[in-house]
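**Student:** Take a look at the following structure, please.
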Amino acid sequence: MYVAVKGGERAIDNAHALLADRRRGDRDVPAISLDQIDHQLALGVDRVMCEGSLYDRELAALAIKQARGDMIEAIFLLRAYRTTLPRFGASESINTGAMDIRRRISATFKDLPGGQVLGPTFDYTHRLLDHTLTSDSDIAPAATAPADQATFRSVADLLAGSGLIEGQAEASGEVGDLTREPLSFPAGRDLRLQNLARGDEGFLLALAYSTQRGFGRNHPFAGEIRYGEVEVEFFAEDAGFAVPLGAIALTECQMVNQFTGSATQAPRFTRGYGISFGQNERKSMAMALVDRALRAKELGEETGSPAQDEEFVLSHSDNVQATGFVEHLKLPHYVDFQAELGLLRKLQAEFFERQAQSGTPKEAIMQDAAE
Amino acid sequence: MTAPVYNFAYLDEQTKRMIRRAILKAIAIPGYQVPFASREMPMPYGWGTGGVQVTAAILGPQDVLKVIDQGSDDTTNAVSIRKFFTRTAGVRTTTATLEATVIQTRHRVPEAALSADQVLVYQVPIPEPLRFLEPRETETRRMHALSEYGLMHVKLYEDIARHGHIATAYAYPVQVASRYVMDPSPIPKFDNPKLSNCPALQLFGAGREKRIYAIPPYTRVTSLDFDDHPFEPYRHDASCELCAATDSYLDEVITDDQGNRMFVCSDTDYCEHRRALGHGPIAATQKEPADG
Amino acid sequence: MSAPAFGMAFASQAAFRALMECLSRPGEIRTLEGVGAPPPMAPATAALVRSLADYESPIWLDPAFAAAPAIAEWIKFHTGAPIVAAPDKAAFALVADSLAMPTFLKFAQGSEEYPDRSTTIIVQVERFAGPALTLQGPGIETTRDFAAAPLPADFAQRLRDNREMFPRGVDLVFVTGQAIAALPRSVRIVEER
């Protein structure tokens, strides 16, 4: 006798208990600490903070631990927490020109004020597995030089000074926030940049790559990539002035792109902009390329490539949304499937009836279909 | 790092106000999809975040909540959402359709007739009925603005030309109060007639797509069709193996490796209710043969 | 989970739910628990404002409300909603003098693409009585009679014109003391008495 399935609640509880057990793994292996994740998997923490849209290293480390290293799951955890926080307002614009530089490179000038600063980078490492890392070997402290208070004007600013590149887009009025207002199209550049900054690194990387291969090419030069710490200030209504909240680490990329011009305007380079929390050059560079690609229409260029399609890019960049919808196919769909099955059986029956009337035996048709 | 403290029904009051304003517009413009600033919920997008936000925005301490998925109170996602509201709102829950004041559903409309004291909240994956004909929001929004629904009729007609029938078995498009074409969410078309002139308010929430829409009570809802190909609801030509119902939507269950199958009510409360009233299993001889 | 005080949350929910029911069933009258506010704001108006308004929903005040400075202060203190001078910029319009209510076209009507970007007008009236309008439309099983007073002499025509613009248009909420009723833009007048 068939009995309808029951016990969903117990099954869920048991599954969660099993998950907690597997997350901890072998109890003879010491549990990983949030500090260890924060310090030794720092770039993972950076990514989770950026796409999670919340700058908090400890919470991001916790999310990574809870998610068993599944980055999108960790980003999701951070987002779901973020959404419960009260919103006091928007910070003052950060000034990346005043960044406390950890790394700064330009691909457009051999040398420039402030110089090229390599900083901590995988660039030029030979990708050979380092077996000394399998144990806790002593790492000598890195050499340091005294801070020289050098200023690092951005390359784009230097070019702008001589009129060779378009000016910075002026912020017009209040900056939008797609977590407070649903996105509608066409979206302003503020909302586009917010969307891209929260967007999936892999998605942006693939789109950026596609522009380089000719799907919306925009002739990029990495004008400058800088990574370091920037002060965040918040205008306090009560105090009547901006108060510093602390410093955050950022990676900024200014791309110098394909020039534009017209009968009335001298030709000049254009810009693409990318920024991310922490150190993430791949993300910032990809973002800058996609930002520039999305400006194609505004700059009167030919459009039609995926990376230039605002609605396509902005609607599919969010990995929390994407993973939710792709994975929701795991949920029961048997009501719809039954409806589809019923329809299909009816269409098949009618098909075979028609064939029978025309004299073709059913077996022959099935045979056809199988071949 | 401090443990977060959540508001009644999880959402903060500001978010609830934003959702409530959207719900009011949705009721005033039946079938129109109101954009809303959907929040990140502690469950994945595509798993009912829209329905959950709508339910959280309307729910009060006096409500009795029922949550179903595929017609059943005991499917894992229904259990999970019910548990969420038990934890965050402490409201009374029920599996009895008649006792509930708010029913959140995925993919089904309950078999029992709903009353004016109830609100039915649907979880919606893709709220735009024209989306699979035209992927661009900018375009579909214009089509709704101009009531330009010819494309939908063309699609349905192409089905007829190709298959002899409209080849849509679920999420079958409807027109609300003779104006907006609306996606009824992926309910089987068997359920479509229940949407029309329903005494209960029906609210639809799409979290990932950030849309809320509504069918007010006693609103005419018609399934799109053609004079020579009228809309027909479909159900398996069988009766429920447990309660012998011949009017309910049926789930097909495969019972062995030989492909034998049987049918049971998809609405588990309806089925249990009937059995409590003494309706029993049907005789084995009436079973449909395996290759139907 | 710790239980913060939910009092305000419950009051907001109850007021919203009453309005949701009224909008779903045009012309039906419901009472709700009012909130104290400076005159001339009725307790039910105050409850609705606290339940629905915040910094994201600009409010327009009719001259009768605007004449009482305590009203704007009360709204700002309790909701943070900006008070706007242009009625077509308002999410909510509060009308204390129902006879002098501006024509609906002065308010935001929404666009064909976004008809939801419109003003909801909350009108205080003295009573739900007087010459009745017989209504049909979504939310009404057969017909329903609705009466409120005092209203401008051409109110029925204004409502017809509003319906003509559907899906654009304004939605109306009527308040007496503790009772509310609503006429969404979808209602049609079938008879005027």
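Residue numbering restarts at 1 in every chain; chains get A, B, ... in the order shown in the structure tokens, and ligands count up from 1 in that same order.
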So which residues touch Leu135 of chain C within 8 Å, counting only C-alpha atoms, skipping near sequence neighbours fewer than 3 positions away, as a ChimeraX atom specification?

**Tutor:** /C:27,140,143-146,187-191

**Student:** Let me see the file: selected residues, N, CA and C atoms, as a compact mmCIF listing (two decimals), in the first residue's frame.

**Tutor:**
```txt
# COMPACT_ATOMS: atom_id res chain seq x y z
N GLY C 27 -14.53 50.45 -1.79
CA GLY C 27 -15.75 50.96 -1.19
C GLY C 27 -16.10 50.33 0.14
N ILE C 140 -14.91 43.68 -6.61
CA ILE C 140 -16.34 43.80 -6.34
C ILE C 140 -17.06 42.66 -7.05
N THR C 143 -21.97 44.53 -7.53
CA THR C 143 -21.78 45.98 -7.46
C THR C 143 -21.64 46.35 -5.98
N ARG C 144 -21.08 47.51 -5.71
CA ARG C 144 -21.03 47.98 -4.32
C ARG C 144 -21.31 49.48 -4.32
N ASP C 145 -22.08 49.92 -3.31
CA ASP C 145 -22.37 51.35 -3.17
C ASP C 145 -21.33 51.98 -2.26
N PHE C 146 -20.94 53.18 -2.63
CA PHE C 146 -19.98 53.92 -1.80
C PHE C 146 -20.43 55.36 -1.69
N VAL C 187 -11.65 51.16 -10.32
CA VAL C 187 -13.12 51.12 -10.16
C VAL C 187 -13.82 51.88 -11.27
N ARG C 188 -15.01 51.39 -11.59
CA ARG C 188 -15.87 52.05 -12.58
C ARG C 188 -17.18 52.43 -11.90
N ILE C 189 -17.70 53.60 -12.24
CA ILE C 189 -19.00 54.01 -11.71
C ILE C 189 -20.08 53.51 -12.67
N VAL C 190 -21.02 52.74 -12.14
CA VAL C 190 -22.10 52.29 -13.02
C VAL C 190 -23.38 53.08 -12.79
N GLU C 191 -23.45 53.72 -11.61
CA GLU C 191 -24.65 54.51 -11.33
C GLU C 191 -24.30 55.58 -10.32
```

**Student:** Using DSSP on the backbone, list every residue of chain C that comes out as strand (DSSP E or B), and give them as number ranges by chain.

**Tutor:** C: 30-31, 59-61, 83-84, 92-95, 109, 118, 120-124, 127, 133-136, 144-146, 149, 171-176, 179-183, 188-192

**Student:** Could you please select, counting only C-alpha atoms, the residues of chain B within 8 Å of chain C and state them as number ranges by chain?

**Tutor:** B: 5-8, 13-14, 17-18, 20-21, 23-30, 34, 57-61, 141-142, 144-146, 177, 197, 201, 216-220

**Student:** Can you pull out every residue within 9 Å of Leu314 of chain A, counting only C-alpha atoms, but drop anything in the same chain fewer than 4 positions away, and send it as a list in words?

**Tutor:**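 Near Leu314 of chain A, the qualifying residues are Leu183, Arg192, Asn195, Leu196, Gly199, Asp309, Glu310 and Asp318 of chain A.
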
**Student:** Please write the residues from the selection above to a file, keeping N, CA and C atoms, as a PDB file, in the first residue's frame.

**Tutor:**
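File produced: result.pdb:
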```
ATOM      1  N   LEU A 183      16.653  47.845 -10.317  1.00  0.00           N
ATOM      2  CA  LEU A 183      17.321  48.357 -11.499  1.00  0.00           C
ATOM      3  C   LEU A 183      16.319  48.496 -12.638  1.00  0.00           C
ATOM      4  N   ARG A 192      25.437  51.097 -12.895  1.00  0.00           N
ATOM      5  CA  ARG A 192      26.189  50.079 -13.637  1.00  0.00           C
ATOM      6  C   ARG A 192      27.445  49.698 -12.875  1.00  0.00           C
ATOM      7  N   ASN A 195      26.646  47.660  -9.848  1.00  0.00           N
ATOM      8  CA  ASN A 195      26.304  46.307 -10.261  1.00  0.00           C
ATOM      9  C   ASN A 195      27.570  45.508 -10.575  1.00  0.00           C
ATOM     10  N   LEU A 196      28.491  46.128 -11.318  1.00  0.00           N
ATOM     11  CA  LEU A 196      29.720  45.418 -11.699  1.00  0.00           C
ATOM     12  C   LEU A 196      30.598  45.145 -10.478  1.00  0.00           C
ATOM     13  N   GLY A 199      29.392  42.265  -8.964  1.00  0.00           N
ATOM     14  CA  GLY A 199      29.227  41.174  -9.916  1.00  0.00           C
ATOM     15  C   GLY A 199      30.243  40.056  -9.749  1.00  0.00           C
ATOM     16  N   ASP A 309      26.028  44.922 -24.060  1.00  0.00           N
ATOM     17  CA  ASP A 309      24.581  44.843 -23.887  1.00  0.00           C
ATOM     18  C   ASP A 309      24.239  45.029 -22.413  1.00  0.00           C
ATOM     19  N   GLU A 310      23.847  46.250 -22.090  1.00  0.00           N
ATOM     20  CA  GLU A 310      23.618  46.606 -20.690  1.00  0.00           C
ATOM     21  C   GLU A 310      22.652  45.647 -19.992  1.00  0.00           C
ATOM     22  N   ASP A 318      25.092  38.952 -11.221  1.00  0.00           N
ATOM     23  CA  ASP A 318      25.036  38.672  -9.783  1.00  0.00           C
ATOM     24  C   ASP A 318      25.050  37.163  -9.533  1.00  0.00           C
TER      25      ASP A 318
END
```

**Student:** Show me a table, sorted first by chain and then by increasing residue number, of the residues of chain A having an atom at most 7 Å from chain B, each with its shortest atom pair and the distance in Å to one decimal, counting only C-alpha atoms and written as JSON lines.

**Tutor:**
```
{"residue": "A:Lys6", "atom": "CA", "partner": "B:Asp74", "partner_atom": "CA", "distance": 6.2}
{"residue": "A:Gly8", "atom": "CA", "partner": "B:Thr76", "partner_atom": "CA", "distance": 5.1}
{"residue": "A:Glu9", "atom": "CA", "partner": "B:Val79", "partner_atom": "CA", "distance": 6.0}
{"residue": "A:Arg79", "atom": "CA", "partner": "B:Glu40", "partner_atom": "CA", "distance": 6.4}
{"residue": "A:Ala80", "atom": "CA", "partner": "B:Pro42", "partner_atom": "CA", "distance": 5.2}
{"residue": "A:Thr83", "atom": "CA", "partner": "B:Glu40", "partner_atom": "CA", "distance": 6.0}
{"residue": "A:Thr84", "atom": "CA", "partner": "B:Asp12", "partner_atom": "CA", "distance": 6.9}
{"residue": "A:Thr179", "atom": "CA", "partner": "B:Ala37", "partner_atom": "CA", "distance": 6.4}
{"residue": "A:Arg180", "atom": "CA", "partner": "B:Ala37", "partner_atom": "CA", "distance": 5.3}
{"residue": "A:Glu181", "atom": "CA", "partner": "B:Ala37", "partner_atom": "CA", "distance": 4.8}
{"residue": "A:Pro182", "atom": "CA", "partner": "B:Ala37", "partner_atom": "CA", "distance": 4.7}
{"residue": "A:Phe185", "atom": "CA", "partner": "B:Thr138", "partner_atom": "CA", "distance": 6.5}
{"residue": "A:Gln321", "atom": "CA", "partner": "B:Tyr45", "partner_atom": "CA", "distance": 5.5}
{"residue": "A:Gly324", "atom": "CA", "partner": "B:Tyr45", "partner_atom": "CA", "distance": 4.4}
{"residue": "A:Phe325", "atom": "CA", "partner": "B:Gly46", "partner_atom": "CA", "distance": 4.6}
{"residue": "A:His328", "atom": "CA", "partner": "B:Gly46", "partner_atom": "CA", "distance": 5.5}
{"residue": "A:Val335", "atom": "CA", "partner": "B:Gln70", "partner_atom": "CA", "distance": 5.7}
{"residue": "A:Asp336", "atom": "CA", "partner": "B:Pro188", "partner_atom": "CA", "distance": 5.8}
{"residue": "A:Gln338", "atom": "CA", "partner": "B:Asp251", "partner_atom": "CA", "distance": 6.7}
{"residue": "A:Ala339", "atom": "CA", "partner": "B:Ala169", "partner_atom": "CA", "distance": 5.3}
{"residue": "A:Glu340", "atom": "CA", "partner": "B:Ala169", "partner_atom": "CA", "distance": 5.4}
{"residue": "A:Gly342", "atom": "CA", "partner": "B:His236", "partner_atom": "CA", "distance": 6.6}
{"residue": "A:Leu343", "atom": "CA", "partner": "B:Ala169", "partner_atom": "CA", "distance": 6.6}
{"residue": "A:Leu347", "atom": "CA", "partner": "B:His163", "partner_atom": "CA", "distance": 6.8}
```

**Student:** If you keep N, CA, C and O atoms, can you produce a file of those selected residues as a short mmCIF file (atom, residue, chain, number, x, y, z; two decimals), in the first residue's frame?

**Tutor:**
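Dumped to result_1.cif:
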```cif
data_model
loop_
_atom_site.label_atom_id
_atom_site.label_comp_id
_atom_site.auth_asym_id
_atom_site.auth_seq_id
_atom_site.Cartn_x
_atom_site.Cartn_y
_atom_site.Cartn_z
N LYS A 6 6.36 11.43 4.13
CA LYS A 6 6.27 12.38 5.24
C LYS A 6 7.65 12.52 5.85
O LYS A 6 8.53 11.74 5.58
N GLY A 8 9.58 15.46 6.06
CA GLY A 8 10.46 16.46 5.47
C GLY A 8 11.25 17.20 6.53
O GLY A 8 12.44 17.45 6.37
N GLU A 9 10.60 17.52 7.63
CA GLU A 9 11.24 18.31 8.67
C GLU A 9 12.41 17.57 9.31
O GLU A 9 13.49 18.13 9.50
N ARG A 79 25.89 38.64 2.16
CA ARG A 79 24.82 39.48 1.62
C ARG A 79 23.56 39.38 2.50
O ARG A 79 22.89 40.37 2.76
N ALA A 80 23.22 38.15 2.87
CA ALA A 80 22.00 37.96 3.67
C ALA A 80 22.13 38.63 5.03
O ALA A 80 21.14 39.09 5.61
N THR A 83 21.91 42.66 4.46
CA THR A 83 20.58 43.21 4.19
C THR A 83 19.80 43.50 5.48
O THR A 83 18.85 44.27 5.48
N THR A 84 20.23 42.90 6.59
CA THR A 84 19.51 43.15 7.86
C THR A 84 20.07 44.35 8.60
O THR A 84 19.53 44.74 9.63
N THR A 179 20.50 48.24 -4.29
CA THR A 179 19.95 47.40 -3.23
C THR A 179 18.72 48.07 -2.61
O THR A 179 18.03 47.48 -1.81
N ARG A 180 18.48 49.34 -2.96
CA ARG A 180 17.31 50.05 -2.42
C ARG A 180 16.26 50.33 -3.49
O ARG A 180 15.12 50.64 -3.16
N GLU A 181 16.66 50.33 -4.75
CA GLU A 181 15.75 50.61 -5.86
C GLU A 181 15.97 49.53 -6.90
O GLU A 181 17.11 49.28 -7.27
N PRO A 182 14.93 48.90 -7.39
CA PRO A 182 15.16 47.90 -8.43
C PRO A 182 15.74 48.56 -9.68
O PRO A 182 15.37 49.68 -10.02
N PHE A 185 16.13 49.98 -16.91
CA PHE A 185 17.02 50.26 -18.03
C PHE A 185 16.50 51.41 -18.88
O PHE A 185 15.30 51.51 -19.05
N GLN A 321 22.18 35.65 -7.29
CA GLN A 321 20.94 35.44 -8.03
C GLN A 321 21.08 34.25 -8.98
O GLN A 321 20.20 33.40 -9.07
N GLY A 324 21.20 30.85 -7.27
CA GLY A 324 19.89 30.53 -6.71
C GLY A 324 18.97 29.98 -7.78
O GLY A 324 18.34 28.93 -7.60
N PHE A 325 18.96 30.64 -8.93
CA PHE A 325 17.99 30.22 -9.94
C PHE A 325 18.42 28.94 -10.66
O PHE A 325 17.60 28.10 -10.96
N HIS A 328 17.82 26.18 -8.22
CA HIS A 328 16.43 25.93 -7.81
C HIS A 328 15.82 24.79 -8.62
O HIS A 328 14.80 24.25 -8.24
N VAL A 335 4.70 18.80 -10.19
CA VAL A 335 3.38 19.24 -10.65
C VAL A 335 3.47 19.68 -12.11
O VAL A 335 2.68 19.26 -12.96
N ASP A 336 4.47 20.51 -12.42
CA ASP A 336 4.64 20.97 -13.79
C ASP A 336 5.04 19.83 -14.71
O ASP A 336 4.61 19.74 -15.84
N GLN A 338 4.30 16.71 -14.40
CA GLN A 338 3.11 15.91 -14.67
C GLN A 338 2.26 16.56 -15.75
O GLN A 338 1.72 15.89 -16.63
N ALA A 339 2.13 17.88 -15.66
CA ALA A 339 1.33 18.59 -16.65
C ALA A 339 1.95 18.43 -18.04
O ALA A 339 1.26 18.17 -19.02
N GLU A 340 3.27 18.53 -18.08
CA GLU A 340 3.99 18.39 -19.34
C GLU A 340 3.89 16.96 -19.87
O GLU A 340 3.71 16.73 -21.05
N GLY A 342 1.51 14.81 -19.29
CA GLY A 342 0.16 14.60 -19.78
C GLY A 342 0.01 15.13 -21.20
O GLY A 342 -0.53 14.46 -22.09
N LEU A 343 0.55 16.32 -21.41
CA LEU A 343 0.47 16.96 -22.72
C LEU A 343 1.24 16.14 -23.76
O LEU A 343 0.76 15.87 -24.86
N LEU A 347 -0.02 14.38 -27.21
CA LEU A 347 0.52 14.71 -28.52
C LEU A 347 1.05 13.46 -29.21
O LEU A 347 0.86 13.26 -30.41
#
```

**Student:** Take atom CA of Tyr213 of chain B and atom CA of Gln33 of chain B and report the distance between them in Å, one decimal.

**Tutor:** 4.8 Å

**Student:** Neighbouring residues of Lys106 of chain C were defined as those with any atom within 9 Å, considering only C-alpha atoms; residues of the same chain fewer than 4 positions away were excluded. Please report them as a ChimeraX atom specification.

**Tutor:** /C:86-88,102

**Student:** Would you return as a PyMOL selection string the members of chain C that DSSP assigns to helix (DSSP H, G or I) on this structure's backbone?

**Tutor:** chain C and resi 7-24+43-52+63-66+69-79+87-89+98-100+104-106+155-164

**Student:** If you count only C-alpha atoms, which residues fall within 9 Å of Thr176 of chain C, apart from same-chain ones fewer than 6 positions away, as a ChimeraX atom specification?

**Tutor:** /C:42-45,123-128
